[in-house]
Amino acid sequence: MNIWRIIDRLLGQPVCQLCGATGLGPDICCGCFRDLPWNRQACPVCARPVATPGRCAACVCRQPAFERAEAPLVYAFPVDRMLQRLKYGRYLPHARLLGELTGHRLARLDERPAAIVPVPLHWRRFRSRGFNQAREIASIVARVTRVPLRDICRRRNNTPPLWPLPPPERRRQVAGAFECQRAPPGHVAVLDDVLTTGATAEALAVTLLRDGARRVDVWAVARSPGRLEQSQAPRNV
């Protein structure tokens, strides 16, 4: 960082977190905002990017425990690098930017939950990392959407990192991993940083529904694209 950029920061002039441009907007410039990997066409249930409008094949075969997922962005460059830097590099300004981007998109929804429930970390993981990236993002989303944040769940099992595991093993690892410490409201949104296979969100949704919630949605910053597929929505013939 050169001396002029340091002076800009000290004077409070906005600096884009992605390209370093100054004076164009808070945390992100217009060009970088436009170039973000927006999740423009997604399955209406799990938010997976699809090539044609409608439910993906997996959601046609089986409705998840949650009602629907919302993920404004695709887990691709530069969002993937930002989330990794936040999670493993403790760069909290990315939580603010990603939370604001997510919150402003979700604030447009017609149906809003009564509470946002961030995916909890096990206390051992929290102690080693020092923060919960899902909660950091959730606090910003709650402020933007004006939906209250509720830390009503805890993680009972210190599950291993799920990213290297196949989907069946992910589901096995998180089954029964959560519990509610207080009764949830009727409609809640589980919030996580990335929605990949949905195993964690599904396990937390099952817990919330079991303990009194009537509807659970999933909110995430980004959705892992997987293999882009044709949707399987029924067609009129």
# chains A, B, ... in the order shown; residues from 1 in each chain; ligands from 1
>>> select_by_dssp(residues="range 27-205 of chain A", states="alpha helix (DSSP H)", output="NGL selection string")
:A and (30-35 or 57-61 or 79-89 or 93-106 or 123-129 or 133-145 or 167-174 or 199-205)
>>> residues_around(residues="Glu100 in chain A", least_positions_apart="6", cutoff="7 Å", atoms="only C-alpha atoms", output="compact mmCIF listing (two decimals) with all heavy atoms, in the first residue's frame")
# COMPACT_ATOMS: atom_id res chain seq x y z
N ILE A 140 -24.33 -8.06 10.00
CA ILE A 140 -24.50 -7.02 8.99
C ILE A 140 -25.81 -7.22 8.23
O ILE A 140 -26.56 -6.26 7.99
CB ILE A 140 -23.31 -7.02 8.01
CG1 ILE A 140 -21.99 -6.88 8.76
CG2 ILE A 140 -23.47 -5.91 6.97
CD1 ILE A 140 -21.84 -5.61 9.55
N VAL A 141 -26.10 -8.46 7.86
CA VAL A 141 -27.35 -8.75 7.15
C VAL A 141 -28.55 -8.36 8.02
O VAL A 141 -29.54 -7.80 7.53
CB VAL A 141 -27.42 -10.24 6.75
CG1 VAL A 141 -28.78 -10.59 6.16
CG2 VAL A 141 -26.31 -10.57 5.76
N VAL A 144 -29.00 -4.57 7.87
CA VAL A 144 -29.49 -4.08 6.58
C VAL A 144 -30.95 -4.47 6.36
O VAL A 144 -31.76 -3.65 5.90
CB VAL A 144 -28.61 -4.61 5.44
CG1 VAL A 144 -29.20 -4.23 4.08
CG2 VAL A 144 -27.19 -4.06 5.56
>>> closest_residue(among="A:Phe66, A:Tyr88, A:Phe77, A:Phe178", to="Ile152 in chain A", atoms="only C-alpha atoms")
A:Phe178
>>> atom_distance(atom1="CA of Trp123 in chain A", atom2="CA of Thr159 in chain A")
11.2 Å
>>> atom_distance(atom1="CA of Leu86 in chain A", atom2="CA of Asn157 in chain A")
23.3 Å
>>> closest_atom_pairs(of="range 48-92 of chain A", to="range 21-39 of chain A", cutoff="8 Å", atoms="only C-alpha atoms", output="tab-separated table")
residue	atom	partner	partner_atom	distance
A:Pro49	CA	A:Asn39	CA	6.5
A:Ala71	CA	A:Asn39	CA	7.0
A:Pro72	CA	A:Asn39	CA	5.3
A:Leu73	CA	A:Trp38	CA	4.4
A:Val74	CA	A:Asn39	CA	5.3
A:Tyr75	CA	A:Pro37	CA	7.7
A:Ala76	CA	A:Pro37	CA	6.5
A:Phe77	CA	A:Pro37	CA	7.3
A:Pro78	CA	A:Leu36	CA	7.2
A:Val79	CA	A:Leu36	CA	7.5
>>> write_last_selection(atoms="N, CA, C and O atoms", output="CSV table (one decimal), in the first residue's frame")
chain,number,residue,atom,x,y,z
A,49,PRO,N,-27.1,-22.5,-9.1
A,49,PRO,CA,-27.2,-21.9,-10.5
A,49,PRO,C,-27.7,-23.0,-11.5
A,49,PRO,O,-27.2,-24.1,-11.5
A,71,ALA,N,-29.1,-17.1,-2.2
A,71,ALA,CA,-27.7,-16.8,-2.2
A,71,ALA,C,-27.4,-15.9,-3.4
A,71,ALA,O,-27.5,-16.3,-4.5
A,72,PRO,N,-27.2,-14.6,-3.1
A,72,PRO,CA,-27.1,-13.6,-4.1
A,72,PRO,C,-25.9,-13.8,-5.1
A,72,PRO,O,-25.9,-13.3,-6.2
A,73,LEU,N,-24.9,-14.5,-4.6
A,73,LEU,CA,-23.6,-14.6,-5.3
A,73,LEU,C,-23.3,-16.0,-5.6
A,73,LEU,O,-23.7,-16.9,-4.9
A,74,VAL,N,-22.5,-16.3,-6.6
A,74,VAL,CA,-21.9,-17.6,-6.9
A,74,VAL,C,-20.5,-17.7,-6.2
A,74,VAL,O,-19.8,-16.7,-6.3
A,75,TYR,N,-20.2,-18.8,-5.7
A,75,TYR,CA,-18.9,-19.0,-5.1
A,75,TYR,C,-17.9,-19.2,-6.2
A,75,TYR,O,-17.5,-20.3,-6.6
A,76,ALA,N,-17.4,-18.1,-6.7
A,76,ALA,CA,-16.4,-18.0,-7.8
A,76,ALA,C,-15.6,-16.7,-7.5
A,76,ALA,O,-15.9,-15.9,-6.7
A,77,PHE,N,-14.5,-16.6,-8.3
A,77,PHE,CA,-13.7,-15.4,-8.1
A,77,PHE,C,-14.5,-14.1,-8.4
A,77,PHE,O,-15.2,-14.0,-9.3
A,78,PRO,N,-14.3,-13.1,-7.5
A,78,PRO,CA,-13.4,-13.0,-6.4
A,78,PRO,C,-14.0,-13.3,-5.0
A,78,PRO,O,-13.4,-13.2,-4.0
A,79,VAL,N,-15.3,-13.7,-5.1
A,79,VAL,CA,-16.0,-14.0,-3.8
A,79,VAL,C,-15.4,-15.1,-3.1
A,79,VAL,O,-15.3,-15.1,-1.8
>>> residues_around(residues="Ala115 in chain A", least_positions_apart="2", cutoff="12 Å", atoms="only C-alpha atoms", output="ChimeraX atom specification")
/A:112-113,117-118,138-139,141-143,145-152,183-191,208,213,215-219
>>> residues_around(residues="Cys46 in chain A", least_positions_apart="5", cutoff="12 Å", atoms="only C-alpha atoms", output="NGL selection string")
:A and (39 or 41 or 54-60 or 62-72 or 195-199 or 201-202 or 217-220 or 222-225 or 231)
>>> atom_distance(atom1="CA of Arg108 in chain A", atom2="CA of Ala47 in chain A")
15.9 Å
>>> closest_residue(among="A:Val50, A:Cys16, A:Leu83, A:Leu204", to="Leu121 in chain A", atoms="only C-alpha atoms")
A:Leu204
